[in-house]
file coords-v1.txt (compact mmCIF, C-alpha atoms (C1' of nucleotides))
# COMPACT_ATOMS: atom_id res chain seq x y z
CA MET B 1404 75.81 -15.01 23.96
CA LEU B 1405 77.19 -11.99 25.73
CA ILE B 1406 75.25 -8.74 25.70
CA LEU B 1407 76.54 -5.42 26.95
CA HIS B 1408 74.14 -2.63 27.89
CA ALA B 1409 75.67 0.84 27.95
CA ASP B 1410 73.73 3.62 29.62
CA LEU B 1411 75.03 7.19 29.75
CA ASP B 1412 74.64 8.62 33.24
CA ALA B 1413 72.25 11.57 33.60
CA PHE B 1414 72.79 12.11 29.89
CA TYR B 1415 71.28 15.55 29.21
CA ALA B 1416 72.64 16.92 32.48
CA SER B 1417 76.10 15.51 31.70
CA VAL B 1418 76.15 17.17 28.27
CA GLU B 1419 75.24 20.50 29.88
CA MET B 1420 77.92 20.13 32.57
CA ARG B 1421 80.47 19.34 29.89
CA ARG B 1422 79.97 22.68 28.20
CA HIS B 1423 79.26 24.66 31.37
CA PRO B 1424 81.80 23.23 33.86
CA GLU B 1425 80.68 25.63 36.58
CA LEU B 1426 77.44 23.62 36.73
CA LYS B 1427 79.37 20.60 37.96
CA LEU B 1428 79.59 22.16 41.40
CA LEU B 1429 75.85 22.76 41.65
CA PRO B 1430 72.70 20.73 41.79
CA MET B 1431 71.17 21.17 38.35
CA TRP B 1432 68.66 19.66 35.97
CA VAL B 1433 67.58 19.97 32.38
CA GLY B 1434 63.96 20.93 31.84
CA GLY B 1435 61.53 23.18 33.57
CA GLY B 1436 59.61 26.20 32.41
CA HIS B 1437 55.89 26.68 32.70
CA ARG B 1438 54.18 23.32 33.17
CA GLY B 1439 57.48 21.57 32.46
CA VAL B 1440 59.10 18.51 33.97
CA VAL B 1441 62.67 17.50 34.81
CA LEU B 1442 64.18 15.63 31.87
CA SER B 1443 67.49 14.78 33.55
CA ALA B 1444 69.02 15.74 36.89
CA ASN B 1445 72.67 15.57 37.93
CA TYR B 1446 73.61 13.49 40.96
CA ALA B 1447 74.00 16.54 43.20
CA ALA B 1448 70.33 17.40 42.54
CA ARG B 1449 69.33 13.78 43.10
CA THR B 1450 70.57 13.96 46.68
CA TYR B 1451 67.74 16.46 47.20
CA GLY B 1452 65.23 13.99 45.80
CA VAL B 1453 65.01 15.55 42.33
CA ARG B 1454 64.15 12.91 39.71
CA GLY B 1455 63.46 12.73 36.01
CA GLY B 1456 59.78 13.15 35.16
CA MET B 1457 59.15 15.24 38.24
CA PRO B 1458 57.29 18.56 37.82
CA ALA B 1459 59.86 21.32 37.59
CA ALA B 1460 58.04 23.31 40.25
CA GLN B 1461 58.42 20.44 42.68
CA ALA B 1462 62.13 20.12 41.87
CA GLN B 1463 62.61 23.80 42.60
CA ARG B 1464 60.81 23.40 45.94
CA LEU B 1465 62.95 20.40 46.91
CA CYS B 1466 66.13 22.13 45.86
CA PRO B 1467 65.73 25.93 45.90
CA ASN B 1468 69.39 26.52 44.94
CA GLY B 1469 69.21 24.14 41.98
CA VAL B 1470 69.80 25.46 38.48
CA ALA B 1471 67.27 24.61 35.76
CA VAL B 1472 68.74 24.51 32.24
CA ARG B 1473 66.70 24.76 29.06
CA PRO B 1474 67.02 21.60 26.94
CA ASP B 1475 69.07 21.72 23.75
CA HIS B 1476 67.93 18.59 21.95
CA ALA B 1477 70.18 19.16 18.94
CA ALA B 1478 73.24 19.10 21.21
CA TYR B 1479 72.11 15.84 22.82
CA ALA B 1480 71.52 14.27 19.42
CA ARG B 1481 75.06 15.23 18.35
CA ALA B 1482 76.56 13.80 21.53
CA SER B 1483 74.56 10.62 21.05
CA GLU B 1484 75.89 10.16 17.52
CA ALA B 1485 79.46 10.65 18.71
CA VAL B 1486 78.99 8.01 21.40
CA ALA B 1487 77.37 5.64 18.89
CA GLU B 1488 80.57 5.76 16.85
CA ILE B 1489 82.54 4.72 19.92
CA PHE B 1490 80.17 1.80 20.43
CA GLU B 1491 80.92 0.75 16.87
CA SER B 1492 84.64 0.88 17.56
CA ILE B 1493 84.06 -2.06 19.92
CA THR B 1494 81.73 -4.16 17.74
CA PRO B 1495 79.52 -3.69 14.68
CA TRP B 1496 76.63 -5.33 16.57
CA VAL B 1497 75.21 -2.18 18.10
CA GLU B 1498 71.59 -1.34 18.63
CA MET B 1499 70.68 2.08 20.00
CA ALA B 1500 67.75 1.60 22.36
CA SER B 1501 67.20 5.34 22.86
CA ILE B 1502 69.25 8.52 22.66
CA ASP B 1503 71.36 7.54 25.68
CA GLU B 1504 71.57 3.74 25.76
CA ALA B 1505 72.53 0.86 23.53
CA TYR B 1506 72.89 -2.89 23.43
CA LEU B 1507 76.12 -4.34 22.07
CA ASP B 1508 76.61 -8.00 21.23
CA ILE B 1509 80.15 -8.59 22.50
CA SER B 1510 80.14 -12.38 22.07
CA GLY B 1511 83.06 -12.04 19.68
CA ALA B 1512 84.86 -9.12 21.30
CA GLY B 1513 86.84 -11.23 23.77
CA ARG B 1514 89.61 -11.94 21.25
CA LEU B 1515 90.37 -8.24 20.98
CA PHE B 1516 89.77 -7.05 24.51
CA GLY B 1517 89.90 -10.01 26.86
CA GLU B 1518 87.42 -10.77 29.63
CA PRO B 1519 83.90 -9.25 29.55
CA GLU B 1520 84.84 -6.74 32.27
CA GLN B 1521 87.80 -5.62 30.19
CA VAL B 1522 85.56 -5.02 27.19
CA GLY B 1523 83.25 -2.93 29.35
CA GLU B 1524 86.02 -0.93 30.98
CA GLU B 1525 87.63 -0.25 27.61
CA LEU B 1526 84.30 1.09 26.32
CA ARG B 1527 83.78 3.27 29.39
CA ARG B 1528 87.30 4.64 29.09
CA ARG B 1529 86.91 5.50 25.41
CA ILE B 1530 83.65 7.35 26.01
CA LEU B 1531 85.08 9.29 28.93
CA ASP B 1532 88.31 10.15 27.07
CA ALA B 1533 86.70 11.20 23.82
CA GLU B 1534 83.43 12.70 25.03
CA GLN B 1535 83.90 13.39 28.75
CA LEU B 1536 80.65 11.56 29.42
CA PRO B 1537 80.27 9.02 32.23
CA CYS B 1538 78.63 5.78 31.26
CA SER B 1539 77.48 2.72 33.19
CA VAL B 1540 77.82 -0.74 31.73
CA GLY B 1541 76.01 -3.99 32.42
CA ILE B 1542 76.99 -7.31 30.87
CA GLY B 1543 74.95 -10.49 30.87
CA PRO B 1544 73.66 -13.40 28.79
CA ASN B 1545 70.76 -11.40 27.29
CA ARG B 1546 69.38 -7.88 26.96
CA LEU B 1547 67.27 -8.05 30.09
CA VAL B 1548 70.09 -9.11 32.42
CA ALA B 1549 72.51 -6.64 30.82
CA LYS B 1550 70.01 -3.84 31.32
CA MET B 1551 69.35 -4.77 34.94
CA ALA B 1552 73.10 -5.02 35.54
CA SER B 1553 73.78 -1.54 34.18
CA SER B 1554 71.07 -0.13 36.47
CA ALA B 1555 72.76 -1.82 39.41
CA ALA B 1556 76.11 -0.40 38.29
CA LYS B 1557 74.97 3.23 38.25
CA PRO B 1558 76.43 5.72 38.53
CA ASP B 1559 79.66 5.41 36.56
CA GLY B 1560 80.15 1.70 37.20
CA LEU B 1561 80.30 -1.72 35.61
CA ARG B 1562 78.60 -4.97 36.52
CA TYR B 1563 79.01 -8.36 34.86
CA ILE B 1564 76.49 -11.09 35.63
CA PRO B 1565 77.58 -14.48 34.24
CA GLU B 1566 74.85 -16.88 33.25
CA ASP B 1567 75.14 -19.01 36.40
CA LYS B 1568 74.80 -15.96 38.66
CA VAL B 1569 71.63 -14.54 37.11
CA THR B 1570 69.14 -15.75 39.73
CA ASP B 1571 71.51 -14.83 42.59
CA PHE B 1572 71.54 -11.33 41.15
CA LEU B 1573 67.84 -10.94 40.38
CA HIS B 1574 66.00 -12.77 43.12
CA PRO B 1575 66.84 -10.52 46.08
CA LEU B 1576 65.67 -7.41 44.19
CA PRO B 1577 62.24 -5.85 44.76
CA VAL B 1578 59.83 -6.57 41.89
CA GLU B 1579 59.60 -2.90 40.98
CA ASP B 1580 63.26 -2.99 39.94
CA LEU B 1581 62.40 -5.26 37.02
CA HIS B 1582 62.52 -3.57 33.64
CA GLY B 1583 58.88 -3.67 32.54
CA VAL B 1584 57.30 -3.66 36.00
CA GLY B 1585 56.00 -0.19 36.68
CA ALA B 1586 53.97 1.31 39.48
CA ALA B 1587 50.67 -0.34 38.52
CA THR B 1588 52.04 -3.86 38.11
CA ALA B 1589 54.14 -3.55 41.27
CA GLU B 1590 51.05 -2.51 43.21
CA ARG B 1591 49.06 -5.50 41.98
CA LEU B 1592 51.94 -7.85 42.76
CA HIS B 1593 52.15 -6.44 46.26
CA GLN B 1594 48.45 -7.10 46.72
CA LEU B 1595 49.14 -10.71 45.80
CA GLY B 1596 51.80 -10.77 48.52
CA ILE B 1597 54.67 -10.75 46.02
CA HIS B 1598 57.46 -8.32 46.85
CA LYS B 1599 60.75 -9.86 45.77
CA VAL B 1600 61.73 -11.09 42.33
CA GLY B 1601 62.49 -14.47 43.90
CA GLU B 1602 58.90 -14.69 45.15
CA LEU B 1603 57.58 -13.79 41.71
CA ALA B 1604 59.75 -16.50 40.18
CA ASN B 1605 57.99 -19.14 42.28
CA VAL B 1606 54.42 -18.14 41.45
CA SER B 1607 52.75 -20.51 38.98
CA LEU B 1608 52.33 -19.40 35.41
CA LYS B 1609 48.59 -20.06 35.74
CA THR B 1610 48.22 -17.68 38.65
CA LEU B 1611 50.10 -14.91 36.87
CA GLN B 1612 48.17 -15.39 33.64
CA ARG B 1613 44.88 -15.31 35.50
CA ALA B 1614 45.85 -12.03 37.13
CA PHE B 1615 47.59 -10.31 34.21
CA GLY B 1616 46.50 -12.01 30.98
CA PRO B 1617 48.33 -14.64 28.91
CA LYS B 1618 51.21 -12.61 27.51
CA THR B 1619 51.86 -10.36 30.47
CA GLY B 1620 51.75 -13.33 32.86
CA GLN B 1621 54.30 -15.24 30.82
CA ASN B 1622 56.42 -12.13 30.47
CA LEU B 1623 56.51 -11.54 34.24
CA LEU B 1624 57.75 -15.06 34.83
CA ASP B 1625 60.41 -14.66 32.13
CA LEU B 1626 61.56 -11.44 33.78
CA ALA B 1627 61.82 -13.07 37.19
CA TRP B 1628 64.07 -15.83 35.84
CA GLY B 1629 66.16 -13.48 33.71
CA HIS B 1630 65.10 -15.24 30.54
CA THR B 1631 65.26 -13.66 27.13
CA ARG B 1632 61.91 -12.05 26.51
CA SER B 1633 59.82 -13.60 23.78
CA GLY B 1634 60.06 -11.95 20.40
CA GLU B 1635 63.53 -10.65 21.08
CA GLY B 1636 65.75 -10.92 18.04
CA PRO B 1637 69.51 -10.67 17.81
CA VAL B 1638 71.20 -7.32 18.28
CA ALA B 1639 71.12 -5.47 14.98
CA SER B 1640 74.24 -5.19 12.93
CA PRO B 1641 75.26 -3.70 9.59
CA PHE B 1642 74.79 -7.18 8.13
CA HIS B 1643 71.24 -7.70 9.31
CA GLU B 1644 68.61 -5.21 8.26
CA ALA B 1645 68.30 -3.17 11.40
CA ARG B 1646 65.41 -2.02 13.51
CA GLN B 1647 61.75 -2.32 12.88
CA PRO B 1648 60.21 0.64 11.09
CA ASP B 1649 58.16 3.24 12.94
CA GLN B 1650 54.64 2.19 13.83
CA SER B 1651 53.30 5.71 14.29
CA ILE B 1652 54.25 9.37 14.24
CA GLY B 1653 52.59 11.86 16.55
CA ASN B 1654 52.83 15.23 18.19
CA GLN B 1655 51.16 16.63 21.27
CA GLU B 1656 51.19 19.97 22.97
CA THR B 1657 50.16 21.21 26.38
CA PHE B 1658 48.39 24.58 26.52
CA TYR B 1659 49.84 27.38 28.57
CA VAL B 1660 46.50 27.46 30.36
CA ASP B 1661 43.65 24.97 30.08
CA THR B 1662 41.02 25.98 27.57
CA ASP B 1663 37.53 25.13 26.35
CA ASP B 1664 37.65 27.60 23.43
CA GLU B 1665 36.96 25.61 20.28
CA GLN B 1666 38.84 28.08 18.09
CA VAL B 1667 41.95 27.83 20.25
CA ILE B 1668 41.68 24.07 20.22
CA SER B 1669 41.22 23.91 16.47
CA ASP B 1670 44.20 26.21 15.90
CA GLU B 1671 46.37 24.06 18.12
CA LEU B 1672 45.23 20.91 16.33
CA LEU B 1673 46.27 22.54 13.06
CA ARG B 1674 49.71 23.35 14.41
CA VAL B 1675 50.14 19.84 15.75
CA SER B 1676 48.79 18.23 12.56
CA SER B 1677 51.19 20.24 10.45
CA LYS B 1678 54.14 19.01 12.52
CA VAL B 1679 52.97 15.43 12.13
CA ALA B 1680 52.47 15.83 8.39
CA HIS B 1681 55.89 17.39 8.00
CA ARG B 1682 57.55 14.54 9.88
CA LEU B 1683 55.66 11.98 7.79
CA ARG B 1684 56.93 13.60 4.60
CA GLN B 1685 60.46 13.77 5.97
CA ALA B 1686 60.30 10.07 6.75
CA GLY B 1687 58.81 9.28 3.33
CA LYS B 1688 55.78 7.76 5.05
CA VAL B 1689 52.03 8.03 4.68
CA GLY B 1690 49.43 6.91 7.19
CA LYS B 1691 45.84 5.82 7.22
CA THR B 1692 44.66 6.10 10.81
CA VAL B 1693 44.42 9.42 12.64
CA ASN B 1694 44.21 9.37 16.41
CA LEU B 1695 43.10 12.35 18.51
CA ASN B 1696 44.12 12.44 22.14
CA LEU B 1697 42.80 14.92 24.70
CA ARG B 1698 44.04 15.38 28.22
CA PHE B 1699 41.61 17.22 30.47
CA SER B 1700 42.45 19.48 33.38
CA ASN B 1701 41.91 16.60 35.83
CA PHE B 1702 44.49 14.58 33.85
CA SER B 1703 41.98 12.09 32.55
CA GLU B 1704 42.42 11.33 28.87
CA ILE B 1705 40.45 10.10 25.94
CA SER B 1706 41.70 8.97 22.59
CA LYS B 1707 39.66 8.31 19.50
CA SER B 1708 40.77 7.33 16.07
CA THR B 1709 39.40 7.26 12.59
CA THR B 1710 40.58 5.38 9.55
CA LEU B 1711 40.79 7.37 6.34
CA SER B 1712 39.77 6.06 2.94
CA SER B 1713 43.28 6.64 1.61
CA TYR B 1714 46.80 7.21 2.88
CA THR B 1715 47.91 10.74 3.60
CA ASP B 1716 50.81 12.96 4.62
CA VAL B 1717 48.83 16.18 4.10
CA THR B 1718 48.24 18.64 6.93
CA ILE B 1719 44.66 19.58 6.15
CA GLU B 1720 43.55 15.99 5.79
CA ILE B 1721 45.01 15.07 9.14
CA HIS B 1722 43.64 18.24 10.70
CA GLN B 1723 40.16 17.69 9.29
CA ALA B 1724 40.15 14.14 10.58
CA ALA B 1725 41.18 15.33 14.04
CA ILE B 1726 38.57 18.09 14.08
CA GLY B 1727 35.94 15.64 12.87
CA ILE B 1728 36.66 13.35 15.81
CA TYR B 1729 36.62 16.30 18.18
CA ARG B 1730 33.21 17.52 16.98
CA LYS B 1731 31.73 14.04 17.19
CA LEU B 1732 32.73 13.80 20.81
CA ASN B 1733 30.24 16.54 21.54
CA LEU B 1734 32.00 17.66 24.67
CA ASN B 1735 30.28 20.18 26.86
CA HIS B 1736 32.86 22.89 27.53
CA PRO B 1737 35.64 20.62 28.69
CA ARG B 1738 38.74 22.14 30.25
CA ILE B 1739 41.44 20.81 28.00
CA ARG B 1740 45.08 20.71 29.04
CA ARG B 1741 46.74 19.00 26.09
CA VAL B 1742 45.87 17.97 22.56
CA GLY B 1743 47.66 15.32 20.56
CA VAL B 1744 47.48 13.89 17.05
CA ARG B 1745 49.09 10.63 16.01
CA VAL B 1746 49.06 8.93 12.63
CA SER B 1747 49.45 5.16 12.46
CA ASP B 1748 48.92 2.39 9.90
CA LEU B 1749 52.03 3.68 8.20
CA SER B 1750 53.31 2.69 4.83
CA LYS B 1751 56.20 3.86 2.70
CA ARG B 1752 55.00 6.58 0.39
CA GLU B 1753 56.20 4.78 -2.71
CA ASP B 1754 54.39 1.59 -1.64
CA ALA B 1755 51.09 3.25 -0.85
CA TYR B 1756 48.46 3.86 -3.43
CA LEU B 1757 48.02 7.61 -3.27
CA GLN B 1758 44.41 8.06 -4.17
CA PRO B 1759 43.20 11.65 -4.41
CA THR B 1760 40.05 12.32 -2.48
CA LEU B 1761 37.10 13.57 -4.47
CA ASP B 1762 36.38 16.70 -2.50
CA ALA B 1763 39.86 18.04 -1.84
CA PRO B 1764 42.24 19.67 -4.30
CA GLU B 1765 44.84 17.09 -3.38
CA ALA B 1766 47.52 17.96 -5.90
CA GLY B 1767 47.36 21.62 -4.95
CA TRP B 1768 47.86 20.87 -1.30
CA GLN B 1769 50.70 18.51 -2.01
CA GLU B 1770 52.46 21.24 -3.97
CA ALA B 1771 51.86 23.76 -1.23
CA GLU B 1772 53.21 21.40 1.39
CA LYS B 1773 56.33 20.71 -0.62
CA ALA B 1774 56.95 24.45 -0.57
CA VAL B 1775 56.37 24.43 3.17
CA ASP B 1776 58.95 21.68 3.57
CA LYS B 1777 61.49 23.65 1.58
CA ALA B 1778 60.94 26.76 3.66
CA ILE B 1779 61.26 24.75 6.87
CA ASP B 1780 64.48 23.22 5.61
CA ARG B 1781 65.90 26.65 4.89
CA PHE B 1782 64.62 28.77 7.75
CA GLY B 1783 63.59 26.31 10.44
CA VAL B 1784 60.18 25.34 11.67
CA LYS B 1785 59.70 28.48 13.76
CA ALA B 1786 60.07 30.78 10.78
CA LEU B 1787 56.90 29.51 9.27
CA SER B 1788 53.35 29.65 10.40
CA ARG B 1789 50.09 29.00 8.68
CA ALA B 1790 47.94 32.01 7.97
CA ALA B 1791 45.22 30.60 10.18
CA LEU B 1792 47.59 30.54 13.11
CA LEU B 1793 48.68 34.17 12.68
CA ARG B 1794 45.20 35.50 13.24
CA ARG B 1795 45.64 36.27 16.90
C1' DT P 1102 53.75 27.14 40.03
C1' DC P 1103 51.69 19.96 39.86
C1' DT P 1104 52.44 16.54 36.56
C1' DG P 1105 56.22 16.97 28.79
C1' DG P 1106 56.63 14.66 24.60
C1' DG P 1107 58.29 10.78 22.03
C1' DG P 1108 56.88 6.18 21.47
C1' DT P 1109 55.44 0.61 21.91
C1' DC P 1110 52.75 -3.18 23.38
C1' DC P 1111 48.85 -5.60 25.64
C1' DT P 1112 44.00 -6.28 26.91
C1' DA P 1113 39.12 -6.16 26.63
C1' DG P 1114 35.00 -5.72 24.26
C1' DG P 1115 32.14 -5.35 20.23
C1' DA P 1116 31.29 -6.30 15.30
C1' DC P 1117 31.25 -9.57 11.99
C1' DC P 1118 31.72 -14.00 9.70
C1' DC P 1119 31.42 -18.98 9.27
C1' DT W 690 11.97 -19.20 19.07
C1' DC W 691 16.24 -18.99 22.22
C1' DT W 692 20.89 -19.73 20.62
C1' DG W 693 27.72 -22.71 20.23
C1' DG W 694 32.24 -21.66 19.34
C1' DG W 695 35.88 -19.99 16.86
C1' DG W 696 38.58 -16.53 14.43
C1' DT W 697 39.67 -11.86 13.02
C1' DC W 698 39.53 -7.01 12.88
C1' DC W 699 38.92 -2.60 14.98
C1' DT W 700 38.89 0.65 18.73
C1' DA W 701 39.69 2.60 23.43
C1' DG W 702 42.26 2.61 27.29
C1' DG W 703 46.07 1.52 30.18
C1' DA W 704 50.84 0.40 31.37
C1' DC W 705 55.38 1.16 30.51
C1' DC W 706 59.86 3.17 28.90
C1' DC W 707 63.23 7.01 27.89
call {"tool": "encode", "arguments": {"input": "coords-v1.txt", "output": "structure tokens"}}
result
Amino acid sequence: MLILHADLDAFYASVEMRRHPELKLLPMWVGGGHRGVVLSANYAARTYGVRGGMPAAQAQRLCPNGVAVRPDHAAYARASEAVAEIFESITPWVEMASIDEAYLDISGAGRLFGEPEQVGEELRRRILDAEQLPCSVGIGPNRLVAKMASSAAKPDGLRYIPEDKVTDFLHPLPVEDLHGVGAATAERLHQLGIHKVGELANVSLKTLQRAFGPKTGQNLLDLAWGHTRSGEGPVASPFHEARQPDQSIGNQETFYVDTDDEQVISDELLRVSSKVAHRLRQAGKVGKTVNLNLRFSNFSEISKSTTLSSYTDVTIEIHQAAIGIYRKLNLNHPRIRRVGVRVSDLSKREDAYLQPTLDAPEAGWQEAEKAVDKAIDRFGVKALSRAALLRR
DNA sequence: TCTGGGGTCCTAGGACCC
DNA sequence: TCTGGGGTCCTAGGACCC
């Protein structure tokens, strides 16, 4: 088995530099605005310490001459689709892992392209020629090793780790470099005196399971040895039914300023619920569990969910559920920073038994929401607002 | 000028049942 | 009248990734 992981370098920033070449000479990043974060920074900005996920204000402090560019998600989606077609010119076994990375099963590609490195270089060349986007490639015996190899290859490089070189490659790395080991796990490993992947590999399964639980303990050991993670299927292809369906659909929004005004909060929950309902309908899905998430001004969060008596994709039902949870919480003038609504327990609309509730004019709302969908399709989501949201 | 929005998965604890 | 041991389901919270 030979897996190739392709990862576009600084993807959003690269798309922006492609259409605004003057930005190539400057440190720049995509993102920003009030309470915003950096979504993607070019390598010039990274030399100043600017990183993805960083508060935009901090980026601007680190790099006062840097240029912040507003994100254009539609443009990134188009670029991603174009690159996906190039992936498919190499092999039909392509699985997009996110907007800017994919796994390719190139076990059979050798006949056409030669050695693994030649496959990777051919792919990198095609993407650069056709899309002017730099891409790093990692190749290894499974997804994990391929992914780690592409990280090591960045930026604009290629790394092939044959099966018999996997531990040589992984074991000198710090544990926090492992895909799946974040800040919290790294910190706990450090407390156990474990700093290198090689050290982690030699800890007993028992010890890790005691510290992290049965699955996470096993998973950490698998990572350290570069083993295929459990539950990992083959790379999707046109011949196998691809990708697991969505587990949940949600939307969240941060207020311009923190608020404890229940009317403001309710209005925002309506806006967010209507986005979720619209996306459910677009996906042909209905859901049964509504989850409300609140982030307070001190960044602590709570989330509470409620299970409905029937499936829904209707704004007011989702909104009423969210408001119901909120009222039950009985908060005493909390300063709220962000509200979020997520619907899970999803089912295909045609599979679900759509049972009208007794107290709501279900059919009427469904008709109204179909009209909403049509208007959004024609004029865009910004053209439309619920009467309740126009009040102020 | 401190910290977005889209998700998934795992764990722990309580309820409930046998 | 003093209490076992599973199994399963649900919920809340946390960790992680892009």
call {"tool": "atom_distance", "arguments": {"input": "coords-v1.txt", "atom1": "CA of Tyr1729 in chain B", "atom2": "C1' of DC1111 in chain P"}}
result
26.2 Å
call {"tool": "closest_atom_pairs", "arguments": {"input": "coords-v1.txt", "of": "chain P", "to": "chain B", "cutoff": "7 Å", "atoms": "all atoms listed in the file", "output": "JSON lines"}}
result
{"residue": "P:DT1102", "atom": "C1'", "partner": "B:Ala1460", "partner_atom": "CA", "distance": 5.8}
{"residue": "P:DC1103", "atom": "C1'", "partner": "B:Pro1458", "partner_atom": "CA", "distance": 6.1}
{"residue": "P:DT1104", "atom": "C1'", "partner": "B:Pro1458", "partner_atom": "CA", "distance": 5.4}
{"residue": "P:DG1105", "atom": "C1'", "partner": "B:Gly1439", "partner_atom": "CA", "distance": 6.0}
{"residue": "P:DG1106", "atom": "C1'", "partner": "B:Gln1655", "partner_atom": "CA", "distance": 6.7}
call {"tool": "residues_around", "arguments": {"input": "coords-v1.txt", "residues": "Ser1677 in chain B", "least_positions_apart": "6", "cutoff": "10 Å", "atoms": "only C-alpha atoms (C1' of nucleotides)", "output": "count of residues only"}}
result
15
call {"tool": "residues_around", "arguments": {"input": "coords-v1.txt", "residues": "DG696 in chain W", "least_positions_apart": "5", "cutoff": "12 Å", "atoms": "all atoms listed in the file", "output": "list in words"}}
result
DC1117, DC1118 and DC1119 of chain P
call {"tool": "residues_around", "arguments": {"input": "coords-v1.txt", "residues": "Asp1567 in chain B", "least_positions_apart": "5", "cutoff": "12 Å", "atoms": "only C-alpha atoms (C1' of nucleotides)", "output": "JSON, numbers by chain"}}
result
{"B": [1543, 1544, 1548, 1572, 1573, 1628, 1629]}
call {"tool": "atom_distance", "arguments": {"input": "coords-v1.txt", "atom1": "CA of Ser1633 in chain B", "atom2": "CA of Gln1621 in chain B"}}
result
9.1 Å
call {"tool": "residues_around", "arguments": {"input": "coords-v1.txt", "residues": "DA704 in chain W", "least_positions_apart": "2", "cutoff": "9 Å", "atoms": "only C-alpha atoms (C1' of nucleotides)", "output": "PDB file with C-alpha atoms (C1' of nucleotides), keeping the file's coordinate frame"}}
result
ATOM      1  CA  VAL B1584      57.300  -3.660  36.000  1.00  0.00           C
ATOM      2  CA  GLY B1585      56.000  -0.190  36.680  1.00  0.00           C
ATOM      3  CA  ALA B1586      53.970   1.310  39.480  1.00  0.00           C
ATOM      4  CA  ALA B1587      50.670  -0.340  38.520  1.00  0.00           C
ATOM      5  CA  THR B1588      52.040  -3.860  38.110  1.00  0.00           C
TER       6      THR B1588
ATOM      7  C1'  DC P1110      52.750  -3.180  23.380  1.00  0.00           C
ATOM      8  C1'  DC P1111      48.850  -5.600  25.640  1.00  0.00           C
TER       9       DC P1111
END
call {"tool": "atom_distance", "arguments": {"input": "coords-v1.txt", "atom1": "CA of Leu1695 in chain B", "atom2": "CA of Arg1473 in chain B"}}
result
28.7 Å
call {"tool": "closest_residue", "arguments": {"input": "coords-v1.txt", "among": "B:Ser1747, B:Asn1694, B:Ser1417, B:Ser1713", "to": "DA701 in chain W", "atoms": "all atoms listed in the file"}}
result
B:Asn1694
call {"tool": "residues_around", "arguments": {"input": "coords-v1.txt", "residues": "Ala1725 in chain B", "least_positions_apart": "2", "cutoff": "12 Å", "atoms": "all atoms listed in the file", "output": "NGL selection string"}}
result
:B and (1668-1677 or 1679 or 1692-1697 or 1706-1711 or 1718-1723 or 1727-1732 or 1742-1746)
call {"tool": "closest_residue", "arguments": {"input": "coords-v1.txt", "among": "B:Arg1632, B:Thr1450, B:Pro1467, B:Asp1475", "to": "Phe1414 in chain B", "atoms": "all atoms listed in the file"}}
result
B:Asp1475
call {"tool": "build_atoms", "arguments": {"input": "coords-v1.txt", "residues": "range 1723-1734 of chain B", "atoms": "N, CA and C atoms", "output": "JSON list (two decimals), keeping the file's coordinate frame"}}
result
[["chain", "number", "residue", "atom", "x", "y", "z"],
["B", 1723, "GLN", "N", 41.61, 17.88, 9.41],
["B", 1723, "GLN", "CA", 40.16, 17.69, 9.29],
["B", 1723, "GLN", "C", 39.70, 16.42, 9.98],
["B", 1724, "ALA", "N", 40.50, 15.38, 9.89],
["B", 1724, "ALA", "CA", 40.15, 14.14, 10.58],
["B", 1724, "ALA", "C", 40.10, 14.37, 12.10],
["B", 1725, "ALA", "N", 41.12, 15.08, 12.59],
["B", 1725, "ALA", "CA", 41.18, 15.33, 14.04],
["B", 1725, "ALA", "C", 40.00, 16.18, 14.50],
["B", 1726, "ILE", "N", 39.71, 17.23, 13.73],
["B", 1726, "ILE", "CA", 38.57, 18.09, 14.08],
["B", 1726, "ILE", "C", 37.26, 17.30, 14.02],
["B", 1727, "GLY", "N", 37.15, 16.45, 13.01],
["B", 1727, "GLY", "CA", 35.94, 15.64, 12.87],
["B", 1727, "GLY", "C", 35.71, 14.78, 14.11],
["B", 1728, "ILE", "N", 36.78, 14.16, 14.60],
["B", 1728, "ILE", "CA", 36.66, 13.35, 15.81],
["B", 1728, "ILE", "C", 36.25, 14.24, 16.98],
["B", 1729, "TYR", "N", 36.89, 15.40, 17.05],
["B", 1729, "TYR", "CA", 36.62, 16.30, 18.18],
["B", 1729, "TYR", "C", 35.14, 16.70, 18.21],
["B", 1730, "ARG", "N", 34.61, 17.07, 17.03],
["B", 1730, "ARG", "CA", 33.21, 17.52, 16.98],
["B", 1730, "ARG", "C", 32.27, 16.39, 17.37],
["B", 1731, "LYS", "N", 32.59, 15.20, 16.89],
["B", 1731, "LYS", "CA", 31.73, 14.04, 17.19],
["B", 1731, "LYS", "C", 31.65, 13.74, 18.68],
["B", 1732, "LEU", "N", 32.71, 14.09, 19.38],
["B", 1732, "LEU", "CA", 32.73, 13.80, 20.81],
["B", 1732, "LEU", "C", 31.65, 14.58, 21.55],
["B", 1733, "ASN", "N", 31.31, 15.75, 20.97],
["B", 1733, "ASN", "CA", 30.24, 16.54, 21.54],
["B", 1733, "ASN", "C", 30.48, 16.89, 23.00],
["B", 1734, "LEU", "N", 31.66, 17.35, 23.29],
["B", 1734, "LEU", "CA", 32.00, 17.66, 24.67],
["B", 1734, "LEU", "C", 31.32, 18.95, 25.09]]
